[in-house]
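A.B. asks: Structure incoming, see below.
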Amino acid sequence: MKLTIALCHFRVGETDGVSLEMDKWKLVLEKLGHNVIYVAGSKGTLKEVEIIEELHYNDATNNKVVENAYVKFQAYNSEEAFKQEIEKEAASIETKLLNIIKKKNIDLLMVNNMFSLGWNLSAGLGFFNAIKNSDVKCLCHHHDFHWEREKYSHPTCAFVKDYLKTIFPPSHPRIKHVVINTIAKNELYKRRQIESTVVPNVFDFDNDWKVDDFNADFRSTFGIKENDLIILQATRIVQRKGIELALDVVSELNTNKHKLAGKTMYNGQVFGADSNIVFLMVGLNEDPPYFDKIMRYAQQKKVDIRWVNDHIDHERSDDHGHKKYSLWDAYAHCDLVTYTSLLEGWGNQFIEALVAKKIIISYQYPVFVTDILPLNFHTVDLGDQHTLKEDGLASVKQTIIDRAAEKTIELLLDGVTYQRLTSENYTLGKKNLSMDALERLLKSIVQNEG
């Protein structure tokens with residue numbers, strides 16, 4: 001049965017993990033013969049998106065709601081006035097969504113994180129009411145939950161707490177649930193007695209990211225030499241990404257640069273006297289205070305840090321000399337990938353690094369331990385224990401950082417082992433985390449919904 005499916009989120013066509021995962025689902029669902037559209041608050045680089053303005057990730061009203069719901073209640077005369085504004089926005093969202101459902105003959109909504117985090121209370125309420133007031137079915141795709149985030153742990157009002165307990169996520173006969181790891185599946189049932197299916201994040205392992213005519217000038221654009229090392233941090237910039245742990249490793253590599261000096265690296269380049277180690281951040285800055293901490297910390301640790309997100313987009317483009325590289329161009333040029341997150345729902349950038357066949361420096365966050373570690377990938381390991389310093393930045397024992405830097409240098413100087421380990425990682429990833437695996441899961445799920 002051919003269905004018309006709406007993939008819904010606050011934003012699409014960007015480089016955040018949810019947007020990228022939705023792109024993969026769209027490809028697979030269309031391969032299975034379904035008609036797929038996007039519904040979001042912004043369209044990024046995409047052209048055809050059904051827009052509901054109130055869903056925008058940086059909607060001004062919602063930013064005020066978030067501040068008053070979870071930080072400090074101060075912008076409203078009463079809780080009732082606050083609730084009325086949320087309900088007013090929800091009614092607008094509901095009306096617009098019902099119009100889209102009717103106009104596009106939507107059979108199935110696939111709602112990403114709107115029912116998970118409590119980021120936009122009006123969106124959750126509006127979507128839930130639209131589902132109740134129509135015949136549409138819904139598959140909630142939960143990437144992470146509000147109970148996993150400190151941000152949502154202290155609601156300022158009783159009605160906000162009630163929303164989180166009843167709508168985030170909701171229980172309804174026409175709503176089914178998908179989660180991305182076994183911890184989330186178990187916790188969702190424990191907290192809400194809601195059953196769910198685990199669908200891990202996946203990637204298209206048939207991609208071939210390489211240096212080509214378009215991205216050949218990538219390094220020179222950012223003042224990086226061919227014999228410099230690029231250590232890539234491809235995640236968004238938010239505190240739970242633990243970027244400071246990556247900086248600790250890079251700092252230790254700098255301390256030991258003499259071990260690389262004059263030697264041929266894994267890729268045939270000679271690390272010369274003028275070679276640098278560049279820490280390249282390409283993700284969105286979604287936590288300015290943390291970003292400032294990271295930049296100061298990098299300066300303190302004498303790390304050459306570059307943030308180049310203004311030059312990176314969802315897709316390549318070259319508009320009259322205003323060139324934008326894709327995230328994949330950054331992977332093609334980097335030498336190592338750091339993935340030192342403290343908390344993740346899954347691990348998109350980890351899988352991307354597998355596809356790119358790059359050595360990964362990784363920290364074992366909880367889901368990594370339960371769902372990724374058992375697959376036996378080769379990584380430069382930072383363990384699973386960290387502490388927080390007075391400034392809020394994470395740290396692991398210096399002996400672990402020392403060992404990680406030493407192992408990294410060994411791999412950089414051993415092309416045979418570098419290639420063997422990354423090739424084995426690629427093979428394991430393709431077997432367990434590919435688009436083919438996603439197709440098998442979605443085919444079963446959507447057939448049941450149809």
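A note on labels: chains of the structure tokens are A, B, ... as shown, every chain counts residues from 1, and ligands are counted from 1 in their shown order.
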Within region 161-233 of chain A, find each residue whose DSSP state, derived from the backbone, is helix (DSSP H, G or I), and express the selection as a PyMOL selection string.

C.D. replies: chain A and resi 161-166+182-192+218-221

A.B. asks: Go ahead and save the picked residues with C-alpha atoms, as a PDB file, in the first residue's frame.

C.D. replies:
```pdb
ATOM      1  CA  LYS A 161       4.930  19.334  34.640  1.00  0.00           C
ATOM      2  CA  ASP A 162       1.556  17.808  33.721  1.00  0.00           C
ATOM      3  CA  TYR A 163       2.196  18.365  29.998  1.00  0.00           C
ATOM      4  CA  LEU A 164       5.539  16.591  30.288  1.00  0.00           C
ATOM      5  CA  LYS A 165       3.866  13.638  32.002  1.00  0.00           C
ATOM      6  CA  THR A 166       0.996  13.264  29.532  1.00  0.00           C
ATOM      7  CA  THR A 182      17.701   0.113  24.159  1.00  0.00           C
ATOM      8  CA  ILE A 183      18.145   2.443  27.153  1.00  0.00           C
ATOM      9  CA  ALA A 184      15.383   4.683  25.791  1.00  0.00           C
ATOM     10  CA  LYS A 185      13.106   1.711  25.065  1.00  0.00           C
ATOM     11  CA  ASN A 186      13.421   0.400  28.613  1.00  0.00           C
ATOM     12  CA  GLU A 187      13.067   3.841  30.201  1.00  0.00           C
ATOM     13  CA  LEU A 188       9.981   4.751  28.138  1.00  0.00           C
ATOM     14  CA  TYR A 189       8.213   1.600  29.274  1.00  0.00           C
ATOM     15  CA  LYS A 190       9.343   2.049  32.880  1.00  0.00           C
ATOM     16  CA  ARG A 191       8.122   5.662  33.062  1.00  0.00           C
ATOM     17  CA  ARG A 192       5.019   5.566  30.864  1.00  0.00           C
ATOM     18  CA  PHE A 218      39.025  23.103   1.218  1.00  0.00           C
ATOM     19  CA  ARG A 219      42.285  23.261   3.170  1.00  0.00           C
ATOM     20  CA  SER A 220      43.576  26.429   1.494  1.00  0.00           C
ATOM     21  CA  THR A 221      40.258  28.177   2.139  1.00  0.00           C
TER      22      THR A 221
END
```

A.B. asks: Could you produce a table of the residues of region 310-371 of chain A lying within 7 Å of region 7-28 of chain A, with the nearest pair of atoms per residue and their separation in Å rounded to one decimal, using only C-alpha atoms, ordered by chain and increasing residue number, as a Markdown table?

C.D. replies:
```
| residue | atom | partner | partner_atom | distance |
| --- | --- | --- | --- | --- |
| A:Asp313 | CA | A:Thr15 | CA | 6.8 |
| A:His314 | CA | A:Glu14 | CA | 5.1 |
| A:Asn348 | CA | A:Gly17 | CA | 6.3 |
```

A.B. asks: So that I have them on file, write out the residues from the current selection with C-alpha atoms, as a PDB file, in the first residue's frame.

C.D. replies:
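Final output, selection.pdb:
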```pdb
ATOM      1  CA  ASP A 313      26.020  23.645   4.690  1.00  0.00           C
ATOM      2  CA  HIS A 314      23.623  20.754   4.229  1.00  0.00           C
ATOM      3  CA  ASN A 348      25.391  10.077  14.009  1.00  0.00           C
TER       4      ASN A 348
END
```

A.B. asks: Which residues are near region 144-148 of chain A? Cut-off 9 Å, only C-alpha atoms, ignore same chain within fewer than 2 positions. Put them as a ChimeraX atom specification.

C.D. replies: /A:113,115-119,142,150-153,164,168-169,179-180,184,188,343-346

A.B. asks: What does the structure give for the distance between CA of Asn432 (chain A) and CA of Leu375 (chain A), in Å to one decimal?

C.D. replies: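 Interatomic distance here is 8.2 Å.
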